[in-house]
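Asker: Can you read through this structure? Questions will come right after.
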Amino acid sequence: MVSRRDKQVFIDDCYVGTTEIVPNKQWQEFDSHRAVYLENILNAPTTMAIIAMDLDFAISYYNQSAQRLFHFQSSDVDGRRLGEIPALGLSDANRFKELVATVKSSGECYYSLERVVLGSYRLIEAVVSGIYDHQQQLMGFILNAQDVTSRRLQQERSTRKAAEEQCLGVLLRLSLDNMDVETFLQQSLESLLKSIPWLNVLPKGAIFLTEQHEQKKTLRMAAKYQLNKAVEASCNQIAFGYCVCGRVALQKELLFIADTHDNRHEVQYSGMEPHGHYSVPLLLSNDLLGVLTLYLPPGHGEKESDKAFLRRIADVLSIGISKRQTESALEYEAQYDGLTTLPNRNQIILHIDRALARARRHGHIGAVMFIDLDHFKNINDSLGHNIGDEVLRQVSRRLVDTLRKEDMVARLGGDEFVVLLSEEGFNPRTVAQQAQLVAEKIRDAVSQTYVVSSYLLNVTPSIGIALFPENNETTTEVLQQADTAMYRAKAEGRNCTRFFLPVMQMLANERLTVEQDLRWALDEGKYQLYYQPQVDSVGSIVGAEVLLRCPGRDGNFNRIDLCIDVAESTGLILPIGEWILREACQKLKYWSDNGIAKSLQHLCINISPKQFLQRDFVSLVQRVINETNVDAQRIVLEITESSLIDAKMDAIETMKALKELGIRVAMDDFGTGYSSLSYITQLPLDILKIDRSFVSGISHDHKNAAVVEALMAMARQLDLYLIAEGVETSEDLEFLVQKGCKYFQGFHFSRPQSVNEFTAYMERHS
Ligand code: C2E
Ligand code: CA
Ligand code: CA
């Protein structure tokens, strides 16, 4: 109890109990009505409860507010002393004695009491103080009291609000901190349970995370605080829909249960103490990330304010979980291949880096294997990407199963995989043997038939192996070496394994030089076109094939097949091809205009697959023809089967569009591809060029003779113009003429000639 003397207010000889002072003069004017006036003031509804007492604390007066506040009848108080009225909260003798002593010594005494009035809880604050006459003689006591319930509630509410905000603030900071999701949840749970006394929960709880196992979702306990061992065991994984937390997960709604007799509390164990729960879903835009469950003492009521707070807590926890899940998804994406879940390029590079460093330090030798699936494109193209993807997934599973735990396999992209065998031994020969063994196992595993949807598919791998460390090579160089070796495996028939050898490095360097030469020649206008005559059986010129020549910076011609290959793979073929087309058309126009090319019925221009597949290829051809004003009837474009395979149906459209321009199309190297004859017959072709591999030496080769005869029969049936390429001897020519072949190209007649040589040749032969 507290005492204070300084608040007493007297006017004349009367204690008014208010701080509003009325001037004396006015008082006297109202003197006659004083008693009535005072009575009205004392009984005004806003006046606080007043009970006046004599020196013996016997009640002498009380106002209506007092009666309302303490809820007593006049019979309860009349003639009684303050300590004898239970409603006033001082019926405890000691308490009353203490109050009397304090009032007497200090002039006043404050106390508070709690009451349930008409079923509702009230908090009352009261002060008992002395009343004095003019001579400062104590003449009695007065009790002032008021109901402070709502003020106190207001105070409590704002204190709680501040505490809630502080608790949320702590959790928000944790949610943004750098820690894994489990640590975050554990720290959040502990911090929560220690800082929310107003919720009056038991210091026990758990947080679960949603987990997906194939088609089934479950909750996994990710954080726990002071749980019983039996709970830890039975609630470690909870099925959606089971018990309190499982129900919350399913319904995505906060659930309160008052006690464990609730039949939704399905988990029961011996020694379980009675408790209730608040279980809250952790949601992120209606996706369930997890569940927070808190333990309540039995008898804990369900409160809207608790639930509102817990929902906010859940929001903060959800933010923290989702932030981490996004981060780990990004991290995963940066390290793993989405399709096969194998490590990706970044990961394997990192591991090769480390393996290289370790190998140098300890003298180990390791191996990197580059695996590429043969003709995988066909599966994608003909059966669709879904089937292709499934094959890749199965391939990666087989790779993983074939390798030892310490080896690593990654997918670089497409149908390319890399295997790292890091510490194989100290002797290059044994390491190479080991690696070869592993490669054979891989080849065996990968080559087994795949069952995808209703298809039975066969895929073989080409494998390149590079050992490391050799010299001072970097990871990229090691990978390149394995890649180069893989290309050799492809070149040597596929479905085999090849090792990287220094000579292969030379070839790789050669390609690089050629690429530089190609760019240089393009910039400097150094390309040349050679022309190889095509003749009839008596040797009269009917046409010519245009062949590119590319000088290197050293002044010598580069190998043209290599040039075309490099130009194709670098995309340089497009500008080069356009130049060839324009240059050839200009020359033809020049010869025609000058009466040189009278017998030249056509000029064959080679078109690479990449050019042919360009969307605007036809319009480019049209533009060049218009620009050069050449006679389109005399232009033949030679395409190869690979252009057709890659373009599928579009090829037919392109060919038709070319024919509309008046241009003819020839199938080059006919007989070397794998297209079905029925497909070839559907194509709007004009000319077939039988590949020289069938033609050269045909007079001694029965097999080739049979093939050429069949091809010629087909050409006749389809009404196609047929040219035999690579005629090198008069025997070959004779043989072909005998079989009915009409047109020829080959060294027997002429090698490809420079523009000047060819111009002179035509002048001689026209
Ligand atoms: P191709 O289109 O099959 O060209 C015919 C090749 O056979 C030419 O080789 C030619 O010189 C050669 N040849 C002609 N008659 C005989 C013979 O009797 N015996 C032998 N052994 N060879 C003969 P070249 O000029 O080295 O061209 C090789 C390949 O390079 C061409 O094969 C073609 O695929 C490509 N190529 C050449 N020029 C161009 C071009 O301007 N554009 C495109 N896209 N490719 C070209
Ligand atoms: Ca050709
Ligand atoms: Ca050819």
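Ligands are numbered from 1 in the order shown, chains are lettered A, B, ... in the order of the structure tokens, and residues start at 1 in each chain.
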Would you give me, as JSON lines, each residue of chain A having an atom within 7 Å of an atom of ligand 3, along with its shortest atom pair and that distance in Å to one decimal, using only C-alpha atoms and all ligand atoms and sorting by chain and residue number?

Answerer:
{"residue": "A:Asp668", "atom": "CA", "partner": "ligand 3", "partner_atom_place_in_ligand_line": "1 (Ca)", "distance": 4.9}
{"residue": "A:Asp669", "atom": "CA", "partner": "ligand 3", "partner_atom_place_in_ligand_line": "1 (Ca)", "distance": 4.3}
{"residue": "A:Lys689", "atom": "CA", "partner": "ligand 3", "partner_atom_place_in_ligand_line": "1 (Ca)", "distance": 6.6}
{"residue": "A:Asp691", "atom": "CA", "partner": "ligand 3", "partner_atom_place_in_ligand_line": "1 (Ca)", "distance": 5.6}
{"residue": "A:Arg692", "atom": "CA", "partner": "ligand 3", "partner_atom_place_in_ligand_line": "1 (Ca)", "distance": 6.9}
{"residue": "A:Glu725", "atom": "CA", "partner": "ligand 3", "partner_atom_place_in_ligand_line": "1 (Ca)", "distance": 6.6}

Asker: Any chance you could export the current selection's N, CA and C atoms as a compact mmCIF listing (two decimals), in the first residue's frame?

Answerer:
# COMPACT_ATOMS: atom_id res chain seq x y z
N ASP A 668 23.94 -34.57 -103.75
CA ASP A 668 25.39 -34.82 -103.83
C ASP A 668 25.74 -36.12 -103.09
N ASP A 669 26.86 -36.70 -103.43
CA ASP A 669 27.39 -37.87 -102.72
C ASP A 669 26.33 -38.95 -102.55
N LYS A 689 24.00 -37.17 -107.98
CA LYS A 689 25.44 -37.33 -108.24
C LYS A 689 25.90 -38.56 -107.47
N ASP A 691 28.21 -40.92 -105.69
CA ASP A 691 29.45 -40.63 -104.97
C ASP A 691 30.64 -41.36 -105.58
N ARG A 692 31.79 -40.67 -105.51
CA ARG A 692 32.96 -41.23 -106.18
C ARG A 692 33.48 -42.51 -105.52
N GLU A 725 30.43 -39.17 -110.29
CA GLU A 725 31.57 -38.35 -109.85
C GLU A 725 32.80 -39.22 -109.69

Asker: Contacts of A:Arg360 at 10 Å or less, counting only C-alpha atoms, minus same-chain residues fewer than 6 places along, as a PDB file with N, CA, C and O atoms, in the first residue's frame?

Answerer:
ATOM      1  N   ARG A 354      40.258 -29.634 -58.310  1.00  0.00           N
ATOM      2  CA  ARG A 354      40.815 -30.165 -57.064  1.00  0.00           C
ATOM      3  C   ARG A 354      41.628 -31.423 -57.332  1.00  0.00           C
ATOM      4  O   ARG A 354      42.715 -31.599 -56.776  1.00  0.00           O
ATOM      5  N   PHE A 468      45.580 -37.272 -66.493  1.00  0.00           N
ATOM      6  CA  PHE A 468      46.178 -36.035 -65.985  1.00  0.00           C
ATOM      7  C   PHE A 468      46.959 -36.332 -64.723  1.00  0.00           C
ATOM      8  O   PHE A 468      46.675 -37.341 -64.071  1.00  0.00           O
ATOM      9  N   PRO A 469      47.898 -35.525 -64.312  1.00  0.00           N
ATOM     10  CA  PRO A 469      48.437 -34.373 -65.039  1.00  0.00           C
ATOM     11  C   PRO A 469      49.545 -34.819 -65.988  1.00  0.00           C
ATOM     12  O   PRO A 469      50.310 -35.707 -65.653  1.00  0.00           O
ATOM     13  N   GLU A 470      49.559 -34.203 -67.168  1.00  0.00           N
ATOM     14  CA  GLU A 470      50.613 -34.529 -68.131  1.00  0.00           C
ATOM     15  C   GLU A 470      51.705 -33.485 -68.010  1.00  0.00           C
ATOM     16  O   GLU A 470      52.799 -33.752 -67.557  1.00  0.00           O
ATOM     17  N   ASN A 471      51.368 -32.276 -68.392  1.00  0.00           N
ATOM     18  CA  ASN A 471      52.340 -31.197 -68.252  1.00  0.00           C
ATOM     19  C   ASN A 471      51.813 -30.194 -67.240  1.00  0.00           C
ATOM     20  O   ASN A 471      51.667 -30.485 -66.101  1.00  0.00           O
ATOM     21  N   ASN A 472      51.470 -29.048 -67.759  1.00  0.00           N
ATOM     22  CA  ASN A 472      50.968 -28.032 -66.842  1.00  0.00           C
ATOM     23  C   ASN A 472      49.550 -27.650 -67.197  1.00  0.00           C
ATOM     24  O   ASN A 472      49.145 -26.521 -67.052  1.00  0.00           O
TER      25      ASN A 472
END

Asker: DSSP on the backbone: which residues in stretch 549-672 of chain A end up as alpha helix (DSSP H)? Give the answer as JSON, numbers by chain.

Answerer: {"A": [560, 561, 562, 563, 564, 565, 566, 567, 568, 569, 570, 573, 574, 575, 576, 577, 578, 579, 580, 581, 582, 583, 584, 585, 586, 587, 588, 589, 590, 591, 592, 593, 609, 610, 611, 612, 617, 618, 619, 620, 621, 622, 623, 624, 625, 626, 627, 628, 641, 642, 643, 644, 645, 646, 647, 649, 650, 651, 652, 653, 654, 655, 656, 657, 658, 659, 660]}

Asker: How would you write, as a list in words, the set of residues no farther than 10 Å from ligand 2 when counting only C-alpha atoms and all ligand atoms?

Answerer: Glu545, Val546, Leu547, Cys604, Ile605, Asn606, Ile607, Ser608, Leu637, Glu638, Ile639, Thr640, Ala666, Met667, Asp668, Asp669, Lys689, Asp691 and Glu725 of chain A

Asker: How would you write, as a ChimeraX atom specification, the set of residues in stretch 443-576 of chain A that DSSP gives as strand (DSSP E)?

Answerer: /A:450-452,455-457,461-468,497-499,528-536,541-549

Asker: Tell me, as a PyMOL selection string, which residues lie within 12 Å of A:Ser453, counting only C-alpha atoms; anything in the same chain fewer than 6 positions away does not count.

Answerer: chain A and resi 383-384+386-391

Asker: Can you tell me, as a PyMOL selection string, what residues are no more than 12 Å from A:Arg404 when counting only C-alpha atoms, ignoring any on the same chain fewer than 4 positions away?

Answerer: chain A and resi 398-400+408-409+419-424+438+441-442

Asker: Those selected residues, please, written with C-alpha atoms and delivered as an mmCIF file, in the first residue's frame.

Answerer:
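Result file out24.cif:
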data_model
loop_
_atom_site.group_PDB
_atom_site.id
_atom_site.type_symbol
_atom_site.label_atom_id
_atom_site.label_comp_id
_atom_site.auth_asym_id
_atom_site.auth_seq_id
_atom_site.Cartn_x
_atom_site.Cartn_y
_atom_site.Cartn_z
ATOM 1 C CA ARG A 398 23.325 -46.509 -65.442
ATOM 2 C CA LEU A 399 26.449 -44.372 -65.309
ATOM 3 C CA VAL A 400 26.033 -43.811 -61.591
ATOM 4 C CA MET A 408 32.115 -38.675 -60.221
ATOM 5 C CA VAL A 409 29.848 -38.351 -63.218
ATOM 6 C CA VAL A 419 33.384 -38.941 -65.673
ATOM 7 C CA LEU A 420 36.217 -38.126 -63.301
ATOM 8 C CA LEU A 421 38.365 -40.957 -61.980
ATOM 9 C CA SER A 422 40.493 -39.022 -59.567
ATOM 10 C CA GLU A 423 43.111 -41.191 -57.900
ATOM 11 C CA GLU A 424 43.722 -44.171 -60.076
ATOM 12 C CA VAL A 438 35.787 -48.511 -66.635
ATOM 13 C CA LYS A 441 31.872 -51.207 -68.346
ATOM 14 C CA ILE A 442 30.179 -47.927 -69.193
#

Asker: How many Å separate atom 5 (C, counted along the ligand's line) of ligand 1 from atom CA of A:Leu613?

Answerer: 21.1 Å

Asker: If we count only C-alpha atoms and set the cut-off at 8 Å, which residues sit around A:Ile560, ignoring sequence neighbours fewer than 2 positions away in its own chain? Please answer as an NGL selection string.

Answerer: :A and (548-550 or 557-558 or 562-564)

Asker: Which of these residues is nearest to A:Leu172, using only C-alpha atoms: A:Ile313, A:Ser91, A:Glu98, A:Pro203?

Answerer: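 The answer is A:Ile313, which sits nearest to A:Leu172.
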
Asker: Between A:Ser592, A:Gln534, A:Gln325, A:Asn626, which one has atoms that come closest to ligand 1, using only C-alpha atoms and all ligand atoms?

Answerer: A:Gln534

Asker: Taking only C-alpha atoms into account, name the residue in A:Glu39, A:Asn495, A:Arg411, A:Ala715 that is nearest to A:Val446.

Answerer: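 Checking each of A:Glu39, A:Asn495, A:Arg411, A:Ala715 against A:Val446, counting only C-alpha atoms, the winner is A:Asn495.
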
Asker: Between A:Leu722, A:Leu603, A:Ala145, A:Leu574, which residue has the minimum interatomic distance to A:Phe617, considering only C-alpha atoms?

Answerer: A:Leu574

Asker: Given only C-alpha atoms and all ligand atoms as the basis, pick out the residue of A:Asp701, A:Asp631, A:Asp565, A:Asp719 nearest to ligand 1.

Answerer: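 Result for the nearest residue to ligand 1: A:Asp565.
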
Asker: Between A:Ser112, A:Asn378, A:Thr681, A:Ser129, single out the one closest to A:Ile50, counting only C-alpha atoms.

Answerer: A:Ser129
